[in-house]
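J.: So I've got this file, input01.cif, and it contains mmCIF, C-alpha atoms:
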```
data_query
#
loop_
_atom_site.group_PDB
_atom_site.id
_atom_site.type_symbol
_atom_site.label_atom_id
_atom_site.label_comp_id
_atom_site.auth_asym_id
_atom_site.auth_seq_id
_atom_site.Cartn_x
_atom_site.Cartn_y
_atom_site.Cartn_z
ATOM 1 C CA MET A 102 168.092 138.287 5.025
ATOM 2 C CA ALA A 103 164.319 138.648 5.010
ATOM 3 C CA LYS A 104 162.768 139.803 8.259
ATOM 4 C CA THR A 105 160.444 137.305 9.977
ATOM 5 C CA ILE A 106 156.931 138.718 10.138
ATOM 6 C CA LYS A 107 155.186 138.007 13.424
ATOM 7 C CA PHE A 108 151.428 137.578 13.596
ATOM 8 C CA ASN A 109 148.806 136.929 16.243
ATOM 9 C CA LEU A 110 146.548 133.950 16.733
ATOM 10 C CA ILE A 111 142.908 134.798 17.373
ATOM 11 C CA LEU A 112 141.680 132.575 20.211
ATOM 12 C CA ASP A 113 138.123 132.945 21.501
ATOM 13 C CA GLY A 114 138.017 136.365 19.828
ATOM 14 C CA HIS A 115 141.237 137.616 21.473
ATOM 15 C CA PRO A 116 144.527 138.380 19.659
ATOM 16 C CA VAL A 117 147.252 136.202 21.217
ATOM 17 C CA ARG A 118 150.904 137.257 21.112
ATOM 18 C CA ASN A 119 152.535 134.926 23.657
ATOM 19 C CA LEU A 120 152.123 131.671 25.578
ATOM 20 C CA GLU A 121 150.450 133.435 28.487
ATOM 21 C CA GLY A 122 147.769 134.747 26.128
ATOM 22 C CA LEU A 123 147.358 131.315 24.562
ATOM 23 C CA GLN A 124 146.829 129.757 27.983
ATOM 24 C CA ALA A 125 144.373 132.460 29.058
ATOM 25 C CA HIS A 126 142.227 132.272 25.918
ATOM 26 C CA PHE A 127 142.717 128.614 24.923
ATOM 27 C CA SER A 128 139.819 127.570 22.687
ATOM 28 C CA ILE A 129 139.503 123.940 21.648
ATOM 29 C CA GLU A 130 137.724 124.761 18.383
ATOM 30 C CA ASP A 131 140.258 127.464 17.424
ATOM 31 C CA MET A 132 143.284 125.369 18.413
ATOM 32 C CA LEU A 133 142.113 122.380 16.376
ATOM 33 C CA MET A 134 141.674 124.644 13.363
ATOM 34 C CA TYR A 135 145.133 126.240 13.768
ATOM 35 C CA TYR A 136 146.760 122.854 14.344
ATOM 36 C CA LYS A 137 145.201 121.367 11.212
ATOM 37 C CA ASN A 138 145.898 124.321 8.898
ATOM 38 C CA GLY A 139 149.497 124.682 10.126
ATOM 39 C CA LEU A 140 149.151 128.195 11.576
ATOM 40 C CA LEU A 141 149.887 126.987 15.116
ATOM 41 C CA LEU A 142 153.292 125.665 14.041
ATOM 42 C CA ARG A 143 154.063 128.866 12.097
ATOM 43 C CA TRP A 144 153.055 131.009 15.089
ATOM 44 C CA LEU A 145 155.268 129.004 17.453
ATOM 45 C CA ASP A 146 158.113 129.270 14.930
ATOM 46 C CA VAL A 147 157.988 133.039 14.404
ATOM 47 C CA ARG A 148 157.500 133.610 18.141
ATOM 48 C CA GLU A 149 160.546 131.369 18.775
ATOM 49 C CA TYR A 150 158.854 128.922 21.132
ATOM 50 C CA ARG A 151 161.176 126.113 20.098
ATOM 51 C CA SER A 152 160.267 123.396 22.611
ATOM 52 C CA GLN A 153 156.534 123.839 22.071
ATOM 53 C CA HIS A 154 157.056 123.972 18.291
ATOM 54 C CA ASP A 155 158.958 120.692 18.291
ATOM 55 C CA ALA A 156 156.428 119.020 20.579
ATOM 56 C CA VAL A 157 153.487 120.048 18.383
ATOM 57 C CA LYS A 158 155.340 118.968 15.251
ATOM 58 C CA THR A 159 155.860 115.472 16.626
ATOM 59 C CA ILE A 160 152.201 114.834 17.505
ATOM 60 C CA GLN A 161 151.256 111.512 15.892
ATOM 61 C CA LYS A 162 147.642 111.372 17.061
ATOM 62 C CA THR A 163 144.786 111.319 14.566
ATOM 63 C CA THR A 164 141.504 111.896 16.414
ATOM 64 C CA ASN A 165 140.424 115.342 17.588
ATOM 65 C CA GLN A 166 140.242 114.056 21.173
ATOM 66 C CA GLU A 167 143.826 112.771 21.050
ATOM 67 C CA ILE A 168 145.170 115.919 19.384
ATOM 68 C CA ILE A 169 143.562 118.233 21.931
ATOM 69 C CA SER A 170 144.791 116.065 24.810
ATOM 70 C CA GLU A 171 148.334 116.414 23.472
ATOM 71 C CA LEU A 172 148.008 120.184 22.995
ATOM 72 C CA ILE A 173 146.687 120.569 26.543
ATOM 73 C CA LYS A 174 149.765 118.747 27.857
ATOM 74 C CA ILE A 175 152.178 120.751 25.691
ATOM 75 C CA PHE A 176 150.754 124.099 26.794
ATOM 76 C CA GLU A 177 150.401 122.990 30.441
ATOM 77 C CA LEU A 178 146.663 123.490 30.781
ATOM 78 C CA GLU A 179 144.028 121.909 33.007
ATOM 79 C CA MET A 180 140.601 121.180 31.507
ATOM 80 C CA GLU A 181 137.746 118.933 32.561
ATOM 81 C CA GLU A 182 137.220 115.933 30.280
ATOM 82 C CA SER A 183 133.495 116.748 29.928
ATOM 83 C CA LEU A 184 134.297 120.229 28.583
ATOM 84 C CA ILE A 185 136.772 118.778 26.105
ATOM 85 C CA GLU A 186 134.239 116.207 24.896
ATOM 86 C CA LYS A 187 131.523 118.832 24.475
ATOM 87 C CA ALA A 188 133.780 121.257 22.557
ATOM 88 C CA ILE A 189 135.046 118.506 20.252
ATOM 89 C CA ALA A 190 131.488 117.394 19.494
ATOM 90 C CA ILE A 191 130.601 120.983 18.586
ATOM 91 C CA TYR A 192 133.720 121.253 16.418
ATOM 92 C CA ALA A 193 132.768 118.053 14.576
ATOM 93 C CA TYR A 194 129.339 119.457 13.771
ATOM 94 C CA GLN A 195 130.859 122.731 12.596
ATOM 95 C CA GLU A 196 133.264 120.848 10.322
ATOM 96 C CA GLU A 197 130.431 118.776 8.869
ATOM 97 C CA THR A 198 128.314 121.894 8.319
ATOM 98 C CA ARG A 199 131.184 123.649 6.528
ATOM 99 C CA TRP A 200 131.687 120.597 4.322
ATOM 100 C CA LEU A 201 127.991 120.433 3.436
ATOM 101 C CA ASN A 202 127.937 124.142 2.596
ATOM 102 C CA GLU A 203 130.907 123.676 0.273
ATOM 103 C CA GLU A 204 129.203 120.711 -1.360
ATOM 104 C CA TYR A 205 126.024 122.707 -1.914
ATOM 105 C CA GLN A 206 127.966 125.515 -3.586
ATOM 106 C CA LYS A 207 130.127 123.150 -5.610
ATOM 107 C CA ASN A 208 127.260 121.098 -6.988
ATOM 108 C CA ALA A 209 124.650 123.871 -7.205
ATOM 109 C CA PHE A 210 121.939 121.822 -5.549
ATOM 110 C CA GLN A 211 118.395 122.812 -6.395
ATOM 111 C CA LYS A 212 116.311 124.625 -3.786
ATOM 112 C CA ASN A 213 114.000 121.699 -3.115
ATOM 113 C CA GLN A 214 116.973 119.382 -2.567
ATOM 114 C CA ILE A 215 118.460 121.799 -0.056
ATOM 115 C CA ILE A 216 115.160 121.941 1.826
ATOM 116 C CA LEU A 217 114.938 118.156 1.815
ATOM 117 C CA ASP A 218 118.476 117.868 3.128
ATOM 118 C CA TYR A 219 117.736 120.488 5.778
ATOM 119 C CA HIS A 220 114.813 118.445 7.082
ATOM 120 C CA SER A 221 116.876 115.282 6.859
ATOM 121 C CA GLY A 222 119.621 116.959 8.888
ATOM 122 C CA TYR A 223 117.094 117.907 11.565
ATOM 123 C CA ASP A 224 115.709 114.366 11.687
ATOM 124 C CA ALA A 225 119.218 112.910 11.874
ATOM 125 C CA LEU A 226 120.111 115.261 14.718
ATOM 126 C CA ILE A 227 117.072 114.186 16.759
ATOM 127 C CA GLU A 228 117.882 110.528 16.116
ATOM 128 C CA HIS A 229 121.457 111.207 17.223
ATOM 129 C CA MET A 230 120.095 112.576 20.506
ATOM 130 C CA ILE A 231 118.008 109.456 21.023
ATOM 131 C CA GLU A 232 120.928 107.168 20.173
ATOM 132 C CA ASN A 233 123.102 109.037 22.695
ATOM 133 C CA MET A 234 120.358 109.416 25.291
ATOM 134 C CA ASP A 235 122.747 108.895 28.237
ATOM 135 C CA ASN A 236 125.654 111.059 27.045
ATOM 136 C CA MET A 237 125.011 114.566 28.377
ATOM 137 C CA ALA A 238 128.074 116.068 26.672
ATOM 138 C CA LEU A 239 126.819 114.981 23.254
ATOM 139 C CA LEU A 240 123.244 115.940 24.084
ATOM 140 C CA LYS A 241 124.351 119.481 24.975
ATOM 141 C CA ALA A 242 126.356 119.680 21.758
ATOM 142 C CA ASP A 243 123.305 118.470 19.806
ATOM 143 C CA ALA A 244 121.120 121.059 21.548
ATOM 144 C CA LEU A 245 123.562 123.808 20.522
ATOM 145 C CA VAL A 246 123.448 122.663 16.889
ATOM 146 C CA LEU A 247 119.658 122.471 17.105
ATOM 147 C CA GLU A 248 119.604 126.090 18.290
ATOM 148 C CA GLN A 249 122.104 127.354 15.725
ATOM 149 C CA ASP A 250 120.915 125.459 12.628
ATOM 150 C CA TYR A 251 117.339 124.273 13.150
ATOM 151 C CA LEU A 252 115.514 126.797 15.314
ATOM 152 C CA GLY A 253 112.788 127.287 12.704
ATOM 153 C CA LEU A 254 112.039 123.574 12.539
ATOM 154 C CA PHE A 255 112.104 123.328 16.324
ATOM 155 C CA ILE A 256 109.453 126.045 16.575
ATOM 156 C CA LEU A 257 107.236 124.195 14.109
ATOM 157 C CA ASP A 258 107.868 120.819 15.718
ATOM 158 C CA HIS A 259 108.353 121.691 19.408
ATOM 159 C CA VAL A 260 105.232 119.876 20.672
ATOM 160 C CA ALA A 261 105.897 116.591 18.868
ATOM 161 C CA LEU A 262 109.615 116.857 19.600
ATOM 162 C CA PHE A 263 109.000 117.189 23.331
ATOM 163 C CA GLU A 264 106.867 114.036 23.389
ATOM 164 C CA LYS A 265 109.459 112.151 21.344
ATOM 165 C CA LEU A 266 112.356 113.119 23.610
ATOM 166 C CA LYS A 267 110.410 112.679 26.843
ATOM 167 C CA ASN A 268 109.484 109.130 25.864
ATOM 168 C CA ASN A 269 112.767 108.091 24.240
ATOM 169 C CA ALA A 270 115.552 110.295 25.655
ATOM 170 C CA PRO A 271 114.330 112.225 28.734
ATOM 171 C CA LYS A 272 117.851 113.428 29.561
ATOM 172 C CA ALA A 273 117.778 115.278 26.227
ATOM 173 C CA VAL A 274 114.885 117.417 27.509
ATOM 174 C CA PHE A 275 117.193 118.803 30.200
ATOM 175 C CA ALA A 276 119.929 119.380 27.606
ATOM 176 C CA VAL A 277 117.530 121.273 25.313
ATOM 177 C CA LEU A 278 116.427 123.483 28.210
ATOM 178 C CA THR A 279 120.011 124.685 28.684
ATOM 179 C CA ARG A 280 119.594 126.680 25.428
ATOM 180 C CA ASN A 281 117.785 130.001 25.840
ATOM 181 C CA ALA A 282 116.057 129.955 22.434
ATOM 182 C CA PHE A 283 114.020 126.851 23.304
ATOM 183 C CA ARG A 284 112.967 127.612 26.860
ATOM 184 C CA PRO A 285 109.944 129.892 26.077
ATOM 185 C CA TYR A 286 108.303 127.026 24.168
ATOM 186 C CA TRP A 287 108.623 124.402 26.909
ATOM 187 C CA ILE A 288 108.735 126.230 30.273
ATOM 188 C CA GLY A 289 107.501 129.484 31.784
ATOM 189 C CA GLU A 290 104.501 131.691 31.168
ATOM 190 C CA THR A 291 104.744 131.633 27.368
ATOM 191 C CA ALA A 292 105.223 127.872 27.103
ATOM 192 C CA ASN A 293 102.800 125.319 25.761
ATOM 193 C CA ASP A 294 100.660 124.527 28.812
ATOM 194 C CA LYS A 295 100.566 120.787 28.156
ATOM 195 C CA ILE A 296 104.356 120.577 27.797
ATOM 196 C CA TYR A 297 105.079 122.663 30.887
ATOM 197 C CA LEU A 298 102.643 120.617 32.990
ATOM 198 C CA SER A 299 104.186 117.384 31.730
ATOM 199 C CA ILE A 300 107.692 118.607 32.584
ATOM 200 C CA LYS A 301 106.643 119.533 36.125
ATOM 201 C CA ASN A 302 104.676 116.330 36.749
ATOM 202 C CA ASP A 303 106.746 113.784 34.820
ATOM 203 C CA LEU A 304 110.358 115.022 34.906
ATOM 204 C CA LEU A 305 110.781 117.205 37.986
ATOM 205 C CA PRO A 306 109.877 114.902 40.895
ATOM 206 C CA ILE A 307 113.084 114.415 42.904
ATOM 207 C CA ASP A 308 113.367 110.674 42.257
ATOM 208 C CA THR A 309 112.816 111.187 38.523
ATOM 209 C CA ILE A 310 115.469 113.912 38.308
ATOM 210 C CA LYS A 311 117.981 111.606 39.985
ATOM 211 C CA GLU A 312 117.070 108.639 37.805
ATOM 212 C CA VAL A 313 117.140 110.549 34.513
ATOM 213 C CA LEU A 314 120.277 112.630 35.065
ATOM 214 C CA GLY A 315 122.313 110.102 37.039
ATOM 215 C CA GLU A 316 125.956 111.204 37.294
ATOM 216 C CA ASP A 317 125.193 114.444 35.429
ATOM 217 C CA LEU A 318 123.153 115.638 38.422
ATOM 218 C CA LYS A 319 124.999 117.508 41.159
ATOM 219 C CA ILE A 320 123.604 117.146 44.690
ATOM 220 C CA VAL A 321 124.640 119.385 47.579
ATOM 221 C CA LYS A 322 123.765 118.514 51.177
ATOM 222 C CA ARG A 323 125.363 120.731 53.808
ATOM 223 C CA ASN A 324 124.651 123.039 56.705
ATOM 224 C CA THR A 325 126.140 126.415 55.821
ATOM 225 C CA GLN A 326 125.244 127.848 59.255
ATOM 226 C CA ALA A 327 123.325 130.774 57.744
ATOM 227 C CA MET A 328 126.381 131.787 55.682
ATOM 228 C CA TRP A 329 126.609 131.881 51.889
ATOM 229 C CA ASP A 330 128.626 128.867 50.749
ATOM 230 C CA PRO A 331 130.312 129.164 47.313
ATOM 231 C CA ILE A 332 129.397 126.030 45.342
ATOM 232 C CA GLU A 333 130.427 127.012 41.793
ATOM 233 C CA ARG A 334 132.687 129.779 40.448
ATOM 234 C CA PRO A 335 131.120 132.692 38.486
ATOM 235 C CA GLU A 336 132.458 131.377 35.171
ATOM 236 C CA VAL A 337 130.560 128.085 35.600
ATOM 237 C CA GLU A 338 126.982 128.374 34.324
ATOM 238 C CA VAL A 339 124.507 126.105 36.064
ATOM 239 C CA MET A 340 120.829 125.197 35.812
ATOM 240 C CA VAL A 341 119.181 124.716 39.203
ATOM 241 C CA LEU A 342 116.468 122.059 39.247
ATOM 242 C CA ARG A 343 115.276 122.046 42.840
ATOM 243 C CA ILE A 344 115.906 123.513 46.289
ATOM 244 C CA GLU A 345 114.034 122.892 49.542
ATOM 245 C CA ASN A 346 111.951 125.363 51.533
ATOM 246 C CA ASN A 347 114.017 127.552 53.859
ATOM 247 C CA THR A 348 117.106 127.181 51.677
ATOM 248 C CA PHE A 349 118.390 129.873 49.334
ATOM 249 C CA ILE A 350 120.662 130.315 46.319
ATOM 250 C CA LYS A 351 122.110 133.166 44.260
ATOM 251 C CA ASN A 352 124.503 133.947 41.445
ATOM 252 C CA ALA A 353 128.106 133.845 42.624
ATOM 253 C CA GLY A 354 129.138 137.232 43.988
ATOM 254 C CA GLU A 355 125.659 138.819 43.889
ATOM 255 C CA PHE A 356 125.457 140.372 47.347
ATOM 256 C CA SER A 357 121.830 141.587 47.209
ATOM 257 C CA GLU A 358 120.322 138.432 45.675
ATOM 258 C CA LYS A 359 118.473 135.736 47.644
ATOM 259 C CA LEU A 360 116.318 133.225 45.768
ATOM 260 C CA GLY A 361 114.057 130.773 47.580
ATOM 261 C CA ALA A 362 112.129 127.666 46.579
ATOM 262 C CA THR A 363 109.207 129.610 45.089
ATOM 263 C CA ASP A 364 111.640 131.546 42.870
ATOM 264 C CA VAL A 365 113.550 128.476 41.730
ATOM 265 C CA ASN A 366 111.511 125.287 41.541
ATOM 266 C CA ASN A 367 109.908 124.447 38.161
ATOM 267 C CA GLN A 368 111.811 127.335 36.530
ATOM 268 C CA PHE A 369 115.047 125.593 35.423
ATOM 269 C CA LEU A 370 116.788 128.730 36.681
ATOM 270 C CA LYS A 371 120.158 129.434 35.055
ATOM 271 C CA LEU A 372 122.856 131.110 37.140
ATOM 272 C CA LYS A 373 126.447 132.179 36.626
ATOM 273 C CA GLY A 374 128.172 130.415 39.473
ATOM 274 C CA LEU A 375 126.269 129.303 42.546
ATOM 275 C CA GLU A 376 126.155 130.194 46.224
ATOM 276 C CA TYR A 377 124.007 128.304 48.726
ATOM 277 C CA GLN A 378 122.525 128.977 52.159
ATOM 278 C CA CYS A 379 121.038 126.174 54.274
ATOM 279 C CA ASN A 380 120.712 125.327 57.966
ATOM 280 C CA ASP A 381 119.931 121.606 57.625
ATOM 281 C CA GLU A 382 122.416 119.114 56.143
ATOM 282 C CA LYS A 383 119.578 116.719 55.301
ATOM 283 C CA LEU A 384 118.129 119.080 52.672
ATOM 284 C CA GLU A 385 119.249 118.761 49.040
ATOM 285 C CA LEU A 386 120.160 121.244 46.330
ATOM 286 C CA LEU A 387 119.885 119.695 42.852
ATOM 287 C CA TYR A 388 121.520 121.280 39.813
ATOM 288 C CA MET A 389 123.462 120.547 36.634
ATOM 289 C CA GLU A 390 126.143 122.372 34.676
ATOM 290 C CA VAL A 391 125.096 124.129 31.493
#
```
Output the file's structure in the form of C-alpha cells.
T.:
Amino acid sequence: MAKTIKFNLILDGHPVRNLEGLQAHFSIEDMLMYYKNGLLLRWLDVREYRSQHDAVKTIQKTTNQEIISELIKIFELEMEESLIEKAIAIYAYQEETRWLNEEYQKNAFQKNQIILDYHSGYDALIEHMIENMDNMALLKADALVLEQDYLGLFILDHVALFEKLKNNAPKAVFAVLTRNAFRPYWIGETANDKIYLSIKNDLLPIDTIKEVLGEDLKIVKRNTQAMWDPIERPEVEVMVLRIENNTFIKNAGEFSEKLGATDVNNQFLKLKGLEYQCNDEKLELLYMEV
C-alpha cells in the first residue's frame, strides 16, 4: 500500500502542519486559493482531519464572501466583517490581474495596446473609487491596488487626482493616505504645497472629518486620569486624525513615547495600536483603522 505523503500549506508566508497553525496564520487570500484549487481538501485528507474535510467538501456557496464565511465557521475563527470584505476585494483584484496577465501572454498584445490598457485600468480604478465613495473597505482595497499596480501613473497624476477625489469622493483621500507610497506627495514637508494646504483647510476641520468619514471614524472621549488607556491592540494599525491640546497618544506598548497635538495634528500619523492619555472626558480623539 502506497504511503500517504503529507505536505504543508503556506498561509501568510508560514508553513502550516496542523489546525492550530491554520488558525494562527489564517489568510483569506491564501485560503480562497487553496479551497478553489483543491489543496485545502487534500491537506485535510492527508492530515486526517475528517470532520473539517467533510464540512469543506459540502460547501455549496459560490461567492468568495460566502465561501470565506463558511471556512471561518468550520475552522472556528473570529474575524471582523470589514477585514473580510477588504481582503476579498483585494483577492478579486489579484485574480483579475492574473487573468489579464495570462491574456496578454496568450494573445501577444502589442506594446502600445498594453500601455493603453494600463492607462484604462488606472482610469477604471479611479472611477471605481468614485462609484464606491462611501465604502471604506473597497476604497482601501482600491488604494492598495493603486499602490501596487499604478504608482507611476499616480506620481504623474497626483495633483489632478487629488482634486478629482476631493471633489467627488473625499473619503477616498483618507483611504489613499493610508498607503505609505502616496503620502509624500500629498502631506508632509515634501508634499505639493497646494494639496497639503487644501487637505488641512478643507478636509481636516473636525466637523468635516466627521461628515466625510461617518461610521468609519472612531471617536474616543474619556478621562483616563493621567494613566495610559489602551484603545487599540498593537496588531491594529491606525491613522490618527486629530487630538486636543493637553491630550497625548502613543504606539501600543511604547513606554518612552508621548505624542501631543503639535506632533499629531495635520500629520495623518500612523501607529501600531493606540494608547491615550486625557484628563477631560469632553475632549475627543479622532482616528480610523488602516
J.: With only C-alpha atoms as the atoms that count, which of A:Lys187, A:Lys137, A:Arg343, A:His154 lies nearest to Leu318 (chain A)?
T.: A:Arg343
J.: When the PyMOL selection byres ((chain A and resi 177) around 12) is applied to the file above, which residues end up in the set, as number ranges by chain?
T.: A: 120-121, 123-125, 127, 153, 169-176, 178-180
J.: Pick from A:Leu384, A:Ala353, A:Ala238, A:Ala225: nearest to Thr279 (chain A), with all atoms listed in the file counted?
T.: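 Answer, going by the shortest atom-to-atom distance: A:Ala238.
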J.: With distances taken over all atoms listed in the file, which of A:Glu345, A:Glu390, A:Asp250, A:Glu130 is nearest to Asp364 (chain A)?
T.: A:Glu345
J.: For the atom pair CA of Glu186 (chain A) and CA of Leu145 (chain A), what is the interatomic distance in Å to one decimal place?
T.: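 Taking CA of Glu186 (chain A) and CA of Leu145 (chain A), their separation equals 25.7 Å.
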J.: Once the PyMOL selection byres ((chain A and resi 389) around 7) has been evaluated on this model, what residues remain selected, and can you format them as a ChimeraX atom specification?
T.: /A:317-319,339-341,388,390-391
J.: My list of candidates is A:Thr325, A:Tyr150, A:Gln249, A:Asp131. Which is closest to Tyr192 (chain A) when distances are computed with all atoms listed in the file?
T.: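 The shortest atom-to-atom distance to Tyr192 (chain A) comes from A:Asp131.
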J.: At what distance in Å, to one decimal, does CA of Asn138 (chain A) lie from CA of Asn109 (chain A)?
T.: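 Straight-line distance from CA of Asn109 (chain A) to CA of Asn138 (chain A) works out to 14.9 Å.
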J.: Identify, on the basis of all atoms listed in the file, every residue whose closest approach to region 262-268 of chain A does not exceed 9 Å; exclude the query and any residue fewer than 5 positions from it along the same chain; express the result as a PyMOL selection string.
T.: chain A and resi 227+230-231+234+255+273-274+287+296+300+303-304
